[in-house]
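Asker: Enclosed is the structure file data_39.pdb (PDB, C-alpha atoms, pLDDT in the B column).
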ATOM      1  CA  MET A   1      81.244  61.700  70.574  1.00 52.00           C
ATOM      2  CA  LYS A   2      84.530  62.990  71.927  1.00 62.00           C
ATOM      3  CA  THR A   3      87.179  63.894  69.385  1.00 63.00           C
ATOM      4  CA  ILE A   4      90.886  64.131  69.995  1.00 63.00           C
ATOM      5  CA  LEU A   5      91.391  67.381  68.090  1.00 65.00           C
ATOM      6  CA  ASN A   6      88.783  69.563  69.719  1.00 68.00           C
ATOM      7  CA  GLU A   7      89.870  72.972  70.946  1.00 67.00           C
ATOM      8  CA  GLN A   8      89.740  72.110  74.644  1.00 71.00           C
ATOM      9  CA  ASN A   9      92.040  69.103  74.212  1.00 72.00           C
ATOM     10  CA  LEU A  10      94.511  71.118  72.165  1.00 71.00           C
ATOM     11  CA  GLU A  11      94.572  73.879  74.766  1.00 74.00           C
ATOM     12  CA  PHE A  12      94.898  71.372  77.626  1.00 80.00           C
ATOM     13  CA  ASN A  13      97.807  69.602  75.907  1.00 80.00           C
ATOM     14  CA  ARG A  14      99.461  72.814  74.668  1.00 83.00           C
ATOM     15  CA  ILE A  15     102.990  71.936  75.825  1.00 88.00           C
ATOM     16  CA  GLY A  16     102.998  68.535  74.120  1.00 87.00           C
ATOM     17  CA  VAL A  17     101.401  69.836  70.930  1.00 86.00           C
ATOM     18  CA  VAL A  18     103.918  72.703  70.765  1.00 90.00           C
ATOM     19  CA  ALA A  19     106.868  70.346  71.234  1.00 91.00           C
ATOM     20  CA  MET A  20     105.643  67.947  68.554  1.00 91.00           C
ATOM     21  CA  MET A  21     104.783  70.789  66.183  1.00 91.00           C
ATOM     22  CA  ILE A  22     108.294  72.275  66.502  1.00 92.00           C
ATOM     23  CA  LEU A  23     109.841  68.870  65.853  1.00 94.00           C
ATOM     24  CA  VAL A  24     107.678  67.909  62.875  1.00 93.00           C
ATOM     25  CA  VAL A  25     107.510  71.318  61.162  1.00 94.00           C
ATOM     26  CA  GLY A  26     111.203  72.012  61.684  1.00 92.00           C
ATOM     27  CA  CYS A  27     112.364  68.615  60.430  1.00 93.00           C
ATOM     28  CA  LEU A  28     110.054  68.535  57.416  1.00 92.00           C
ATOM     29  CA  GLY A  29     111.035  72.084  56.451  1.00 91.00           C
ATOM     30  CA  GLY A  30     114.715  71.199  56.705  1.00 91.00           C
ATOM     31  CA  LEU A  31     114.201  68.024  54.699  1.00 92.00           C
ATOM     32  CA  ALA A  32     112.348  69.907  51.962  1.00 91.00           C
ATOM     33  CA  MET A  33     115.165  72.446  51.822  1.00 91.00           C
ATOM     34  CA  GLY A  34     117.798  69.734  51.697  1.00 89.00           C
ATOM     35  CA  LEU A  35     116.057  67.858  48.891  1.00 88.00           C
ATOM     36  CA  GLY A  36     116.085  70.833  46.558  1.00 84.00           C
ATOM     37  CA  ALA A  37     113.929  73.741  47.660  1.00 82.00           C
ATOM     38  CA  VAL A  38     116.990  76.000  47.750  1.00 84.00           C
ATOM     39  CA  GLN A  39     117.476  75.642  43.991  1.00 86.00           C
ATOM     40  CA  SER A  40     114.697  78.105  43.194  1.00 86.00           C
ATOM     41  CA  THR A  41     113.579  81.285  44.933  1.00 89.00           C
ATOM     42  CA  ALA A  42     109.907  80.346  44.473  1.00 90.00           C
ATOM     43  CA  THR A  43     110.262  76.960  46.194  1.00 90.00           C
ATOM     44  CA  LEU A  44     112.362  78.557  48.908  1.00 90.00           C
ATOM     45  CA  ILE A  45     109.544  81.002  49.625  1.00 91.00           C
ATOM     46  CA  VAL A  46     106.910  78.227  49.503  1.00 91.00           C
ATOM     47  CA  VAL A  47     108.776  76.320  52.223  1.00 92.00           C
ATOM     48  CA  VAL A  48     109.944  79.197  54.410  1.00 92.00           C
ATOM     49  CA  ILE A  49     106.712  81.218  54.717  1.00 93.00           C
ATOM     50  CA  PRO A  50     104.450  78.510  56.239  1.00 94.00           C
ATOM     51  CA  THR A  51     107.265  77.133  58.392  1.00 92.00           C
ATOM     52  CA  MET A  52     108.177  80.516  59.839  1.00 93.00           C
ATOM     53  CA  ILE A  53     104.538  81.506  60.366  1.00 94.00           C
ATOM     54  CA  THR A  54     104.004  78.320  62.371  1.00 93.00           C
ATOM     55  CA  LEU A  55     107.143  78.821  64.439  1.00 91.00           C
ATOM     56  CA  CYS A  56     106.291  82.497  65.061  1.00 94.00           C
ATOM     57  CA  LEU A  57     102.798  81.561  66.239  1.00 93.00           C
ATOM     58  CA  LEU A  58     104.311  78.990  68.584  1.00 91.00           C
ATOM     59  CA  LEU A  59     106.722  81.557  69.976  1.00 92.00           C
ATOM     60  CA  ALA A  60     103.968  84.156  70.359  1.00 91.00           C
ATOM     61  CA  VAL A  61     101.728  81.695  72.293  1.00 88.00           C
ATOM     62  CA  ALA A  62      98.913  82.228  69.818  1.00 88.00           C
ATOM     63  CA  PRO A  63      95.591  80.401  70.127  1.00 89.00           C
ATOM     64  CA  MET A  64      95.933  76.691  69.434  1.00 87.00           C
ATOM     65  CA  ARG A  65      93.515  76.721  66.493  1.00 88.00           C
ATOM     66  CA  TRP A  66      95.815  79.208  64.698  1.00 91.00           C
ATOM     67  CA  ILE A  67      98.867  77.100  65.510  1.00 91.00           C
ATOM     68  CA  TYR A  68      97.105  73.931  64.375  1.00 89.00           C
ATOM     69  CA  ALA A  69      95.962  75.501  61.092  1.00 92.00           C
ATOM     70  CA  ALA A  70      99.405  76.933  60.345  1.00 93.00           C
ATOM     71  CA  GLY A  71     101.044  73.623  61.243  1.00 93.00           C
ATOM     72  CA  ILE A  72      98.779  71.664  58.914  1.00 94.00           C
ATOM     73  CA  TRP A  73      99.522  74.203  56.169  1.00 94.00           C
ATOM     74  CA  ALA A  74     103.300  73.928  56.706  1.00 94.00           C
ATOM     75  CA  ILE A  75     103.299  70.128  56.961  1.00 95.00           C
ATOM     76  CA  SER A  76     101.159  69.638  53.854  1.00 95.00           C
ATOM     77  CA  THR A  77     103.261  72.094  51.832  1.00 94.00           C
ATOM     78  CA  ASP A  78     106.495  70.451  52.939  1.00 93.00           C
ATOM     79  CA  LEU A  79     105.211  66.940  52.185  1.00 94.00           C
ATOM     80  CA  MET A  80     104.042  67.945  48.713  1.00 93.00           C
ATOM     81  CA  LEU A  81     107.426  69.474  47.890  1.00 92.00           C
ATOM     82  CA  ILE A  82     109.302  66.509  49.362  1.00 92.00           C
ATOM     83  CA  LEU A  83     107.298  64.146  47.172  1.00 94.00           C
ATOM     84  CA  TYR A  84     107.870  66.393  44.157  1.00 91.00           C
ATOM     85  CA  PHE A  85     111.651  66.467  44.701  1.00 89.00           C
ATOM     86  CA  LEU A  86     111.813  62.715  45.265  1.00 89.00           C
ATOM     87  CA  VAL A  87     109.865  61.939  42.066  1.00 88.00           C
ATOM     88  CA  ALA A  88     111.378  64.613  39.798  1.00 78.00           C
TER
END
Mind turning this structure into structure tokens?
Answerer:
Amino acid sequence: MKTILNEQNLEFNRIGVVAMMILVVGCLGGLAMGLGAVQSTATLIVVVIPTMITLCLLLAVAPMRWIYAAGIWAISTDLMLILYFLVA
């Protein structure tokens, strides 16, 4: 069974994955900051660290599995904080 997210597909489609990752991670990080993450130093750190690690790995042309893992980490963190700020 062929999966979409295997390592060969990610490496083959590196340019598209990088472009989408920059767009999604950057926008979600900015949205989380705009909704209230700047009110506390702890939430600021929780948003900035995964976002910047992902963007640094993209800039450094790191292996795609590292970029994918960091991107999932950043996106999930941002979504959790966005939901928290929308509910609270």
Asker: List as a PyMOL selection string the protein and nucleic acid residues near Ala32 of chain A, meaning an atom at most 8 Å away when all atoms listed in the file are counted, but skip any in the same chain fewer than 6 places from it.
Answerer: chain A and resi 47+78-79+81-82
Asker: Rank A:Leu35, A:Ala62, A:Ile22, A:Met52 by their smallest atom-to-atom distance to Val87 of chain A, using only C-alpha atoms, and report the top residue only.
Answerer: A:Leu35
Asker: Let me know the residues the PyMOL selection byres ((chain A and resi 50) around 9) catches in the file above, as a PyMOL selection string.
Answerer: chain A and resi 45-49+51-55+70-71+73-75+77-78
Asker: For Ile15 of chain A, which of A:Leu58, A:Met33, A:Ser40, A:Tyr84 is the closest residue, counting all atoms listed in the file?
Answerer: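 Answer, going by the shortest atom-to-atom distance: A:Leu58.
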Asker: Figure out the distance between atom CA of Leu57 of chain A and atom CA of Leu86 of chain A, please, to one decimal in Å.
Answerer: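 About the pair atom CA of Leu86 of chain A and atom CA of Leu57 of chain A: they are 29.6 Å apart.
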Asker: What gap, in Å, lies between atom CA of Ala60 of chain A and atom CA of Thr41 of chain A?
Answerer: 27.3 Å
Asker: I need the residue nearest Ala69 of chain A from this list: A:Leu28, A:Met21, A:Gln8, A:Gly36. Use all atoms listed in the file for the distance.
Answerer: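 The shortest atom-to-atom distance to Ala69 of chain A comes from A:Met21.
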Asker: Around all the atoms of segment 34-37 of chain A listed in the file, draw an axis-aligned box and extend it by 8 Å on each of the six sides; I want its centre and edge lengths in Å to one decimal, as lines of an AutoDock Vina configuration file.
Answerer:
center_x = 115.9
center_y = 70.8
center_z = 49.1
size_x = 19.9
size_y = 21.9
size_z = 21.1
Asker: Please compute the atom CA of Val61 of chain A-atom CA of Gly30 of chain A distance, one decimal, in Å.
Answerer: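 We find that atom CA of Val61 of chain A and atom CA of Gly30 of chain A lie 22.8 Å from each other.
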Asker: Taking into account all atoms listed in the file, which residue in the set A:Leu31, A:Leu23, A:Val18, A:Ile72 is nearest to Phe85 of chain A?
Answerer: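 Among the listed residues, A:Leu31 lies closest to Phe85 of chain A.
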